[in-house]
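Dumped upload_9.tsv below, it's TSV, C-alpha atoms:
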```tsv
chain	number	residue	atom	x	y	z
A	1	MET	CA	4.36	-7.43	-2.38
A	2	SER	CA	3.60	-8.67	-5.83
A	3	ASN	CA	0.18	-8.03	-7.31
A	4	THR	CA	-1.13	-11.24	-8.90
A	5	GLU	CA	-4.24	-9.62	-10.38
A	6	ALA	CA	-3.57	-9.18	-14.09
A	7	ASP	CA	-7.29	-8.66	-14.72
A	8	PRO	CA	-8.83	-7.62	-11.36
A	9	ALA	CA	-12.51	-7.88	-10.60
A	10	GLU	CA	-14.19	-4.53	-10.05
A	11	LEU	CA	-16.23	-3.76	-6.95
A	12	LEU	CA	-18.53	-0.85	-6.30
A	13	CYS	CA	-18.27	1.57	-3.42
A	14	SER	CA	-21.22	2.00	-1.09
A	15	GLU	CA	-22.64	5.07	0.55
A	16	ARG	CA	-23.19	4.62	4.30
A	17	PRO	CA	-25.05	6.76	6.81
A	18	GLY	CA	-22.57	9.46	7.69
A	19	GLU	CA	-21.73	12.90	6.40
A	20	GLY	CA	-19.77	12.71	3.14
A	21	VAL	CA	-18.42	9.18	3.72
A	22	THR	CA	-18.05	6.51	1.02
A	23	VAL	CA	-17.08	3.02	2.17
A	24	LEU	CA	-14.86	0.82	0.00
A	25	THR	CA	-15.35	-2.91	0.56
A	26	PRO	CA	-12.28	-5.13	0.11
A	27	ARG	CA	-11.94	-8.16	-2.16
A	28	ASP	CA	-9.96	-11.27	-1.23
A	29	VAL	CA	-6.91	-11.97	-3.45
A	30	PRO	CA	-3.74	-14.14	-3.23
A	31	LEU	CA	-0.22	-12.77	-3.12
A	32	GLY	CA	2.37	-14.05	-5.56
A	33	GLY	CA	5.03	-16.63	-4.78
A	34	PRO	CA	5.13	-20.30	-3.76
A	35	ARG	CA	3.64	-19.55	-0.32
A	36	ALA	CA	0.69	-17.40	-1.35
A	37	ILE	CA	-1.23	-15.74	1.47
A	38	ARG	CA	-4.62	-14.10	1.14
A	39	VAL	CA	-5.03	-10.34	1.45
A	40	ARG	CA	-7.96	-7.92	1.58
A	41	ARG	CA	-7.57	-5.34	-1.21
A	42	THR	CA	-9.46	-2.02	-1.09
A	43	LEU	CA	-7.49	0.01	-3.64
A	44	PRO	CA	-7.75	0.26	-6.58
A	45	GLN	CA	-11.35	-0.38	-7.59
A	46	ARG	CA	-13.82	1.00	-10.09
A	47	GLN	CA	-15.20	3.96	-8.17
A	48	ARG	CA	-12.03	4.95	-6.35
A	49	SER	CA	-8.57	4.32	-7.78
A	50	LEU	CA	-6.61	6.62	-5.49
A	51	ILE	CA	-6.79	8.52	-2.23
A	52	GLY	CA	-4.28	11.30	-2.69
A	53	ALA	CA	-1.37	9.49	-4.33
A	54	TRP	CA	-2.17	6.26	-2.44
A	55	CYS	CA	-3.03	3.89	-5.30
A	56	PHE	CA	-2.93	0.41	-3.75
A	57	ALA	CA	-3.92	-0.99	-0.35
A	58	ASP	CA	-3.58	-4.61	0.83
A	59	HIS	CA	-4.55	-5.58	4.38
A	60	TYR	CA	-3.63	-9.06	5.64
A	61	GLY	CA	-3.82	-11.14	8.81
A	62	PRO	CA	-3.67	-11.87	11.55
A	63	GLN	CA	-2.48	-15.16	9.98
A	64	ASP	CA	-1.03	-18.15	11.81
A	65	VAL	CA	2.23	-18.79	9.97
A	66	SER	CA	2.22	-22.45	11.01
A	67	GLU	CA	-0.95	-22.86	8.94
A	68	SER	CA	-0.39	-20.37	6.09
A	69	GLY	CA	3.32	-20.98	5.62
A	70	GLY	CA	4.03	-17.27	5.99
A	71	MET	CA	5.18	-14.93	3.25
A	72	ASP	CA	7.67	-15.82	0.54
A	73	VAL	CA	7.52	-13.43	-2.42
A	74	ALA	CA	10.40	-13.99	-4.84
A	75	PRO	CA	12.24	-11.04	-6.46
A	76	HIS	CA	9.75	-9.04	-8.51
A	77	PRO	CA	9.80	-5.61	-10.19
A	78	HIS	CA	8.18	-2.21	-9.68
A	79	THR	CA	8.11	1.04	-11.66
A	80	GLY	CA	6.62	4.49	-11.11
A	81	LEU	CA	5.68	4.04	-7.46
A	82	GLN	CA	6.75	3.79	-3.84
A	83	THR	CA	5.94	0.83	-1.59
A	84	VAL	CA	5.04	1.30	2.07
A	85	SER	CA	5.37	-1.75	4.33
A	86	TRP	CA	3.71	-1.46	7.75
A	87	LEU	CA	3.31	-4.36	10.19
A	88	PHE	CA	1.14	-4.88	13.26
A	89	SER	CA	2.79	-8.21	14.14
A	90	GLY	CA	5.47	-10.48	12.71
A	91	GLU	CA	8.70	-9.72	10.88
A	92	ILE	CA	9.57	-9.66	7.16
A	93	GLU	CA	13.00	-9.62	5.54
A	94	HIS	CA	13.23	-7.13	2.67
A	95	ARG	CA	15.97	-7.36	0.03
A	96	ASP	CA	16.23	-5.09	-2.98
A	97	SER	CA	18.39	-4.32	-6.00
A	98	ILE	CA	19.96	-1.30	-4.31
A	99	GLY	CA	21.65	-3.82	-2.02
A	100	THR	CA	19.38	-3.15	0.96
A	101	THR	CA	18.67	-5.90	3.48
A	102	ALA	CA	16.21	-4.65	6.09
A	103	MET	CA	13.68	-6.03	8.52
A	104	VAL	CA	10.07	-4.85	8.46
A	105	ARG	CA	8.89	-4.76	12.09
A	106	PRO	CA	5.69	-3.59	13.80
A	107	GLY	CA	5.38	0.17	14.10
A	108	GLU	CA	8.30	0.88	11.74
A	109	LEU	CA	8.09	2.29	8.22
A	110	ASN	CA	9.94	0.71	5.31
A	111	LEU	CA	9.50	2.89	2.21
A	112	MET	CA	10.98	1.80	-1.11
A	113	THR	CA	11.07	4.07	-4.16
A	114	ALA	CA	10.92	2.20	-7.46
A	115	GLY	CA	11.10	5.16	-9.80
A	116	HIS	CA	12.69	4.04	-13.10
A	117	GLY	CA	12.79	0.45	-11.87
A	118	ILE	CA	13.64	-1.73	-8.87
A	119	ALA	CA	13.34	-5.36	-7.80
A	120	HIS	CA	12.83	-6.72	-4.29
A	121	SER	CA	11.86	-9.83	-2.32
A	122	GLU	CA	9.84	-10.23	0.88
A	123	VAL	CA	10.07	-13.23	3.21
A	124	SER	CA	8.65	-13.65	6.72
A	125	THR	CA	11.35	-14.64	9.22
A	126	PRO	CA	11.51	-17.99	11.06
A	127	ASP	CA	10.71	-16.24	14.36
A	128	THR	CA	7.36	-14.98	13.02
A	129	SER	CA	4.34	-16.84	14.42
A	130	THR	CA	1.62	-14.37	13.38
A	131	LEU	CA	1.73	-12.18	10.29
A	132	HIS	CA	-0.46	-9.08	10.27
A	133	GLY	CA	-0.04	-5.80	8.41
A	134	VAL	CA	-0.60	-3.69	5.32
A	135	GLN	CA	1.17	-3.09	2.03
A	136	LEU	CA	0.52	0.26	0.35
A	137	TRP	CA	1.63	1.84	-2.92
A	138	ILE	CA	2.11	5.53	-3.66
A	139	ALA	CA	1.93	6.71	-7.27
A	140	LEU	CA	4.78	8.98	-8.32
A	141	PRO	CA	3.87	12.14	-10.27
A	142	ASP	CA	5.03	12.35	-13.86
A	143	GLU	CA	7.98	14.62	-13.14
A	144	HIS	CA	9.39	12.14	-10.59
A	145	ARG	CA	8.30	8.73	-11.83
A	146	ASP	CA	11.71	7.95	-13.36
A	147	THR	CA	13.61	8.97	-10.23
A	148	ALA	CA	16.45	6.84	-8.87
A	149	ARG	CA	15.87	3.83	-6.63
A	150	ASP	CA	15.75	4.58	-2.92
A	151	PHE	CA	14.97	2.99	0.44
A	152	ARG	CA	14.08	4.66	3.74
A	153	HIS	CA	13.45	3.26	7.22
A	154	TYR	CA	11.78	5.25	9.99
A	155	ALA	CA	10.49	4.27	13.46
A	156	PRO	CA	7.97	7.00	14.41
A	157	PRO	CA	7.56	7.74	18.12
A	158	LEU	CA	4.35	6.82	19.91
A	159	LEU	CA	2.25	9.98	20.25
A	160	GLU	CA	-0.20	10.19	23.18
A	161	LEU	CA	-3.54	11.80	22.31
A	162	PRO	CA	-6.78	12.18	24.32
A	163	GLY	CA	-8.27	8.67	24.25
A	164	ALA	CA	-5.85	7.41	21.62
A	165	THR	CA	-2.28	6.92	20.45
A	166	ALA	CA	-0.73	7.61	17.05
A	167	ARG	CA	2.35	6.83	15.00
A	168	VAL	CA	2.78	9.30	12.11
A	169	PHE	CA	4.95	7.67	9.46
A	170	LEU	CA	4.37	10.12	6.57
A	171	GLY	CA	3.34	13.77	6.58
A	172	SER	CA	2.06	15.76	9.55
A	173	LEU	CA	-0.67	15.14	12.13
A	174	ALA	CA	-1.41	16.30	15.69
A	175	GLY	CA	1.67	18.49	15.89
A	176	THR	CA	4.19	15.90	14.74
A	177	THR	CA	5.85	15.52	11.32
A	178	SER	CA	7.61	12.55	9.76
A	179	PRO	CA	11.09	13.33	8.41
A	180	VAL	CA	10.58	10.95	5.47
A	181	PRO	CA	10.26	13.00	2.25
A	182	ALA	CA	7.38	12.51	-0.18
A	183	PHE	CA	6.92	13.49	-3.84
A	184	THR	CA	3.35	14.74	-3.28
A	185	PRO	CA	1.61	16.02	-0.12
A	186	LEU	CA	0.76	12.88	1.89
A	187	LEU	CA	-0.38	11.64	5.28
A	188	GLY	CA	0.08	8.19	6.76
A	189	ALA	CA	-0.56	7.31	10.42
A	190	GLU	CA	-1.54	4.39	12.63
A	191	LEU	CA	-4.19	5.30	15.22
A	192	THR	CA	-5.31	3.20	18.20
A	193	ILE	CA	-8.49	4.44	19.90
A	194	GLU	CA	-9.50	3.45	23.43
A	195	PRO	CA	-12.88	1.75	24.05
A	196	GLY	CA	-15.73	4.25	23.98
A	197	ALA	CA	-13.46	7.15	23.02
A	198	THR	CA	-13.91	9.68	20.22
A	199	LEU	CA	-10.76	11.01	18.59
A	200	ALA	CA	-11.08	14.45	16.96
A	201	LEU	CA	-8.22	15.42	14.66
A	202	ASP	CA	-7.44	18.63	12.81
A	203	VAL	CA	-6.63	17.66	9.22
A	204	ASP	CA	-5.67	19.50	6.06
A	205	PRO	CA	-8.90	20.51	4.26
A	206	ALA	CA	-7.06	20.29	0.92
A	207	PHE	CA	-6.55	16.55	1.49
A	208	GLU	CA	-8.87	13.68	0.73
A	209	HIS	CA	-8.66	11.01	3.43
A	210	GLY	CA	-9.09	7.30	3.85
A	211	VAL	CA	-9.59	5.40	7.11
A	212	LEU	CA	-8.69	1.70	6.86
A	213	GLN	CA	-10.08	-0.35	9.73
A	214	ASP	CA	-7.85	-3.07	11.17
A	215	THR	CA	-9.35	-4.09	14.52
A	216	GLY	CA	-12.27	-3.06	16.71
A	217	SER	CA	-15.47	-1.15	15.93
A	218	VAL	CA	-14.95	2.29	14.42
A	219	THR	CA	-17.33	4.88	13.03
A	220	VAL	CA	-16.07	7.68	10.78
A	221	ALA	CA	-18.35	10.73	10.70
A	222	GLY	CA	-21.20	8.39	11.69
A	223	ALA	CA	-20.43	5.60	9.19
A	224	ALA	CA	-19.61	2.22	10.80
A	225	LEU	CA	-16.72	0.23	9.33
A	226	GLY	CA	-16.11	-3.51	9.16
A	227	THR	CA	-12.71	-5.20	9.23
A	228	GLY	CA	-10.67	-4.27	6.18
A	229	GLU	CA	-13.11	-1.62	4.95
A	230	LEU	CA	-11.85	1.79	3.89
A	231	ALA	CA	-13.82	4.98	4.49
A	232	TYR	CA	-13.25	7.72	1.91
A	233	LEU	CA	-13.75	11.41	2.73
A	234	ALA	CA	-13.48	14.10	0.04
A	235	PRO	CA	-11.48	17.32	0.56
A	236	GLY	CA	-13.12	20.18	2.38
A	237	ALA	CA	-13.33	19.23	6.05
A	238	GLY	CA	-10.72	20.52	8.47
A	239	ARG	CA	-11.66	18.12	11.27
A	240	LEU	CA	-12.04	14.34	11.37
A	241	GLU	CA	-13.85	12.40	14.12
A	242	LEU	CA	-13.31	8.70	14.78
A	243	THR	CA	-15.31	6.87	17.46
A	244	ASN	CA	-14.58	3.46	18.96
A	245	SER	CA	-18.00	2.07	19.80
A	246	GLY	CA	-16.67	-1.27	21.05
A	247	GLY	CA	-15.28	-2.63	24.28
A	248	GLU	CA	-11.75	-3.24	22.99
A	249	PRO	CA	-9.11	-0.90	21.54
A	250	ALA	CA	-9.67	-0.14	17.85
A	251	ARG	CA	-6.86	0.30	15.36
A	252	VAL	CA	-7.02	2.08	11.98
A	253	LEU	CA	-4.69	3.53	9.41
A	254	LEU	CA	-5.33	7.11	8.34
A	255	LEU	CA	-4.20	7.89	4.78
A	256	GLY	CA	-4.46	11.24	3.05
A	257	GLY	CA	-3.17	13.51	0.34
A	258	THR	CA	-4.08	16.16	-2.17
A	259	PRO	CA	-6.11	14.70	-5.07
A	260	PHE	CA	-3.85	13.02	-7.65
A	261	THR	CA	-5.15	14.22	-11.00
A	262	GLU	CA	-2.80	12.40	-13.38
A	263	GLU	CA	-4.15	9.43	-15.32
A	264	LEU	CA	-2.40	6.15	-14.46
A	265	VAL	CA	-2.07	2.81	-16.19
A	266	MET	CA	-1.60	0.11	-13.54
A	267	TRP	CA	-0.91	-3.53	-14.33
A	268	TRP	CA	0.75	-6.25	-12.23
A	269	ASN	CA	3.54	-4.46	-10.35
A	270	PHE	CA	3.95	-1.56	-12.75
A	271	VAL	CA	2.58	1.98	-12.75
A	272	GLY	CA	2.90	3.82	-16.06
A	273	ARG	CA	1.03	6.17	-18.34
A	274	SER	CA	0.22	3.97	-21.36
A	275	HIS	CA	-0.32	0.37	-22.45
A	276	GLU	CA	2.88	0.60	-24.47
A	277	GLU	CA	4.92	1.59	-21.41
A	278	ILE	CA	3.55	-1.35	-19.44
A	279	ALA	CA	4.45	-3.73	-22.29
A	280	GLU	CA	7.96	-2.25	-22.33
A	281	TYR	CA	8.36	-2.73	-18.56
A	282	ARG	CA	7.17	-6.34	-18.82
A	283	GLU	CA	9.56	-7.12	-21.67
A	284	ALA	CA	12.47	-5.63	-19.72
A	285	TRP	CA	11.63	-7.70	-16.62
A	286	GLN	CA	11.22	-10.92	-18.58
A	287	ALA	CA	14.65	-10.27	-20.13
A	288	GLN	CA	16.07	-9.55	-16.63
A	289	ALA	CA	17.29	-6.21	-17.93
A	290	ASP	CA	19.53	-3.85	-15.97
A	291	ARG	CA	16.57	-1.50	-15.56
A	292	PHE	CA	15.54	-3.44	-12.42
A	293	GLY	CA	18.91	-4.63	-11.13
A	294	ARG	CA	19.46	-7.83	-9.15
A	295	VAL	CA	18.35	-8.96	-5.71
A	296	GLU	CA	21.23	-10.73	-3.94
A	297	GLY	CA	20.87	-13.26	-1.14
A	298	TYR	CA	17.26	-14.39	-1.67
A	299	GLN	CA	17.05	-18.07	-0.64
A	300	GLY	CA	13.60	-19.02	-1.94
A	301	THR	CA	12.67	-21.82	-4.29
A	302	THR	CA	12.26	-19.49	-7.31
A	303	ALA	CA	15.03	-17.14	-8.41
A	304	TRP	CA	12.56	-14.50	-9.64
A	305	LEU	CA	8.85	-14.08	-10.24
A	306	PRO	CA	7.93	-14.06	-13.97
A	307	ALA	CA	5.32	-11.58	-15.15
A	308	PRO	CA	1.90	-12.85	-16.24
A	309	ALA	CA	0.86	-12.59	-19.87
A	310	LEU	CA	-0.44	-9.22	-20.99
A	311	PRO	CA	-4.20	-9.05	-21.56
A	312	GLN	CA	-5.49	-9.40	-25.13
A	313	VAL	CA	-6.98	-5.89	-24.98
A	314	ARG	CA	-5.42	-2.52	-24.21
A	315	ILE	CA	-4.97	-1.82	-20.53
A	316	LYS	CA	-7.31	1.00	-19.60
A	317	PRO	CA	-6.16	4.04	-17.63
A	318	ARG	CA	-7.38	4.48	-14.08
A	319	ARG	CA	-8.79	7.73	-12.80
A	320	ASN	CA	-10.95	8.89	-9.95
A	321	PRO	CA	-14.49	10.15	-10.59
A	322	SER	CA	-14.59	13.86	-11.33
```
Exercise: express the given structure as structure tokens:
Amino acid sequence: MSNTEADPAELLCSERPGEGVTVLTPRDVPLGGPRAIRVRRTLPQRQRSLIGAWCFADHYGPQDVSESGGMDVAPHPHTGLQTVSWLFSGEIEHRDSIGTTAMVRPGELNLMTAGHGIAHSEVSTPDTSTLHGVQLWIALPDEHRDTARDFRHYAPPLLELPGATARVFLGSLAGTTSPVPAFTPLLGAELTIEPGATLALDVDPAFEHGVLQDTGSVTVAGAALGTGELAYLAPGAGRLELTNSGGEPARVLLLGGTPFTEELVMWWNFVGRSHEEIAEYREAWQAQADRFGRVEGYQGTTAWLPAPALPQVRIKPRRNPS
């Protein structure tokens, strides 16, 4: 997805009752393109820019496509990151400048590596009636941020747990490991918890974790979450407990990773290390330079998505609190 926030509003985190839990409240923003849909964005924000290397989290839907028009994001660029597309319902056609044409479907991972530069488009298919999912970004460490473009697809098996099910799409959890490689230690999993059940998971104590609530009523270490909220837990704990206090199944995404200590400059769809780099990326995209390649076969009303104007002040680096 394309980030339309050139100058995002900053929200504060809130401490909730619960041991060592900070809750990030989402803000409502539009996606780019002629058929803009609204998303709930929890990362980045002032008090928490990353969880591990996860640096961006959009949560959208369920949206009636007959009312919203669905998703139509024209070819747009990325640098210095990976995109993770994960759907709960609907179907999205992905095209990129590697030549990939792939469908994003519920319960299946589509991971695109931008590295030095890539372009892609995202369009919901005509058969989609309800669109519901998340778009996540992973920051690449300095030694790998100019890596070659890449695309991976993986359909993780459904894992049966006491009172819950899981699909582990990145990293390792509950005895299963995703075969998809990562540039930093990461965890990504969809969890569905039965009504009234408590799910206890052994986790890596070197990781910080985030629990993004999608549906139902979930408490994380005693802190209750609302729809679209993200619970942050610092490194140190080797066990994570999630309780579904409602009468319907509850679904969350569990994200994790070792703390990412590098300073990032994030603007529009670019991740870099300085204002000057971001300006260089923008200039290359506006010139339709070879750095990003070409997306073939996109049938939308706009051939490509122009970048917004740079801010009049230097773009500030993002970092987590020490």
Quick one: contact table of range 213-293 of chain A to range 37-50 of chain A, 8 Å max, nearest atom pair and distance in Å to one decimal per residue, counting all atoms listed in the file, chain and number order, as a tab-separated table?
```
residue	atom	partner	partner_atom	distance
A:Gly228	CA	A:Arg40	CA	6.5
A:Glu229	CA	A:Thr42	CA	7.1
A:Leu230	CA	A:Thr42	CA	6.7
A:Phe260	CA	A:Leu50	CA	7.3
```
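As for CA of Glu283 in chain A and CA of Val271 in chain A, they are spaced 14.5 Å apart.
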Legend entry - Top pick for closest residue to Arg282 in chain A, considering A:Gly297, A:Gly99, A:Asn269, A:Ser217 and counting only C-alpha atoms: A:Asn269
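When all atoms listed in the file are used to compute distances to Pro157 in chain A, the closest of the residues A:Leu242, A:Val134, A:Leu140, A:Ala189 turns out to be A:Ala189.
Using only C-alpha atoms, the residues found no farther than 6 Å from Asp96 in chain A, other than those of its own chain fewer than 6 positions away, are Ala119, His120 and Val295 of chain A.
Residue neighbourhood of Gln286 in chain A, excluding near-sequence residues (fewer than 3 positions): His76, Pro77, Ala279, Glu280, Tyr281, Arg282, Glu283, Ala289, Asp290, Arg291, Phe292, Trp304, Leu305, Pro306, Ala307, Pro308 and Ala309 of chain A, at 12 Å, using all atoms listed in the file.
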Selected residues written out with C-alpha atoms, as a short mmCIF file (atom, residue, chain, number, x, y, z; two decimals), keeping the file's coordinate frame:
```
data_model
loop_
_atom_site.label_atom_id
_atom_site.label_comp_id
_atom_site.auth_asym_id
_atom_site.auth_seq_id
_atom_site.Cartn_x
_atom_site.Cartn_y
_atom_site.Cartn_z
CA HIS A 76 9.75 -9.04 -8.51
CA PRO A 77 9.80 -5.61 -10.19
CA ALA A 279 4.45 -3.73 -22.29
CA GLU A 280 7.96 -2.25 -22.33
CA TYR A 281 8.36 -2.73 -18.56
CA ARG A 282 7.17 -6.34 -18.82
CA GLU A 283 9.56 -7.12 -21.67
CA ALA A 289 17.29 -6.21 -17.93
CA ASP A 290 19.53 -3.85 -15.97
CA ARG A 291 16.57 -1.50 -15.56
CA PHE A 292 15.54 -3.44 -12.42
CA TRP A 304 12.56 -14.50 -9.64
CA LEU A 305 8.85 -14.08 -10.24
CA PRO A 306 7.93 -14.06 -13.97
CA ALA A 307 5.32 -11.58 -15.15
CA PRO A 308 1.90 -12.85 -16.24
CA ALA A 309 0.86 -12.59 -19.87
#
```
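With distances restricted to all atoms listed in the file, A:Ala206 is the closest residue to Thr258 in chain A from A:Leu24, A:Ala206, A:Ile315, A:Val168.
Using all atoms listed in the file, the smallest distance between any of A:Gly236, A:Gly226, A:Pro141, A:Gly247 and Gln82 in chain A comes from A:Pro141.
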Inset, instruction - For range 104-113 of chain A, work out the shell of residues within 8 Å, counting all atoms listed in the file and skipping chain neighbours fewer than 4 positions away, then give it as a count of residues only. - result: 26
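Between CA of Val29 in chain A and CA of His59 in chain A the separation is 10.4 Å.
Among the candidate residues A:Gln135, A:Thr302, A:Thr100, A:Thr128, the one lying nearest to Ala57 in chain A is A:Gln135, with distances computed using only C-alpha atoms.
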Legend entry - Which of A:Met266, A:Val252, A:Pro126, A:Ala74 sits closest to Ile193 in chain A [using all atoms listed in the file]: A:Val252
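Going from CA of Gly20 in chain A over to CA of Ala221 in chain A, you cover 7.9 Å.
Point (-4.0, 3.6, -15.5) has the following residues at most 7 Å away: Glu263, Leu264, Val265, Met266, Gly272, Arg273, Lys316, Pro317, Arg318 and Arg319 of chain A (atoms considered: only C-alpha atoms).
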Output as lines of an AutoDock Vina configuration file the centre and edge lengths (Å, one decimal) of the box along x, y and z of the file that holds every listed atom of range 279-283 of chain A after adding 8 Å on each side.
```
center_x = 7.0
center_y = -4.7
center_z = -20.4
size_x = 21.1
size_y = 20.9
size_z = 19.8
```
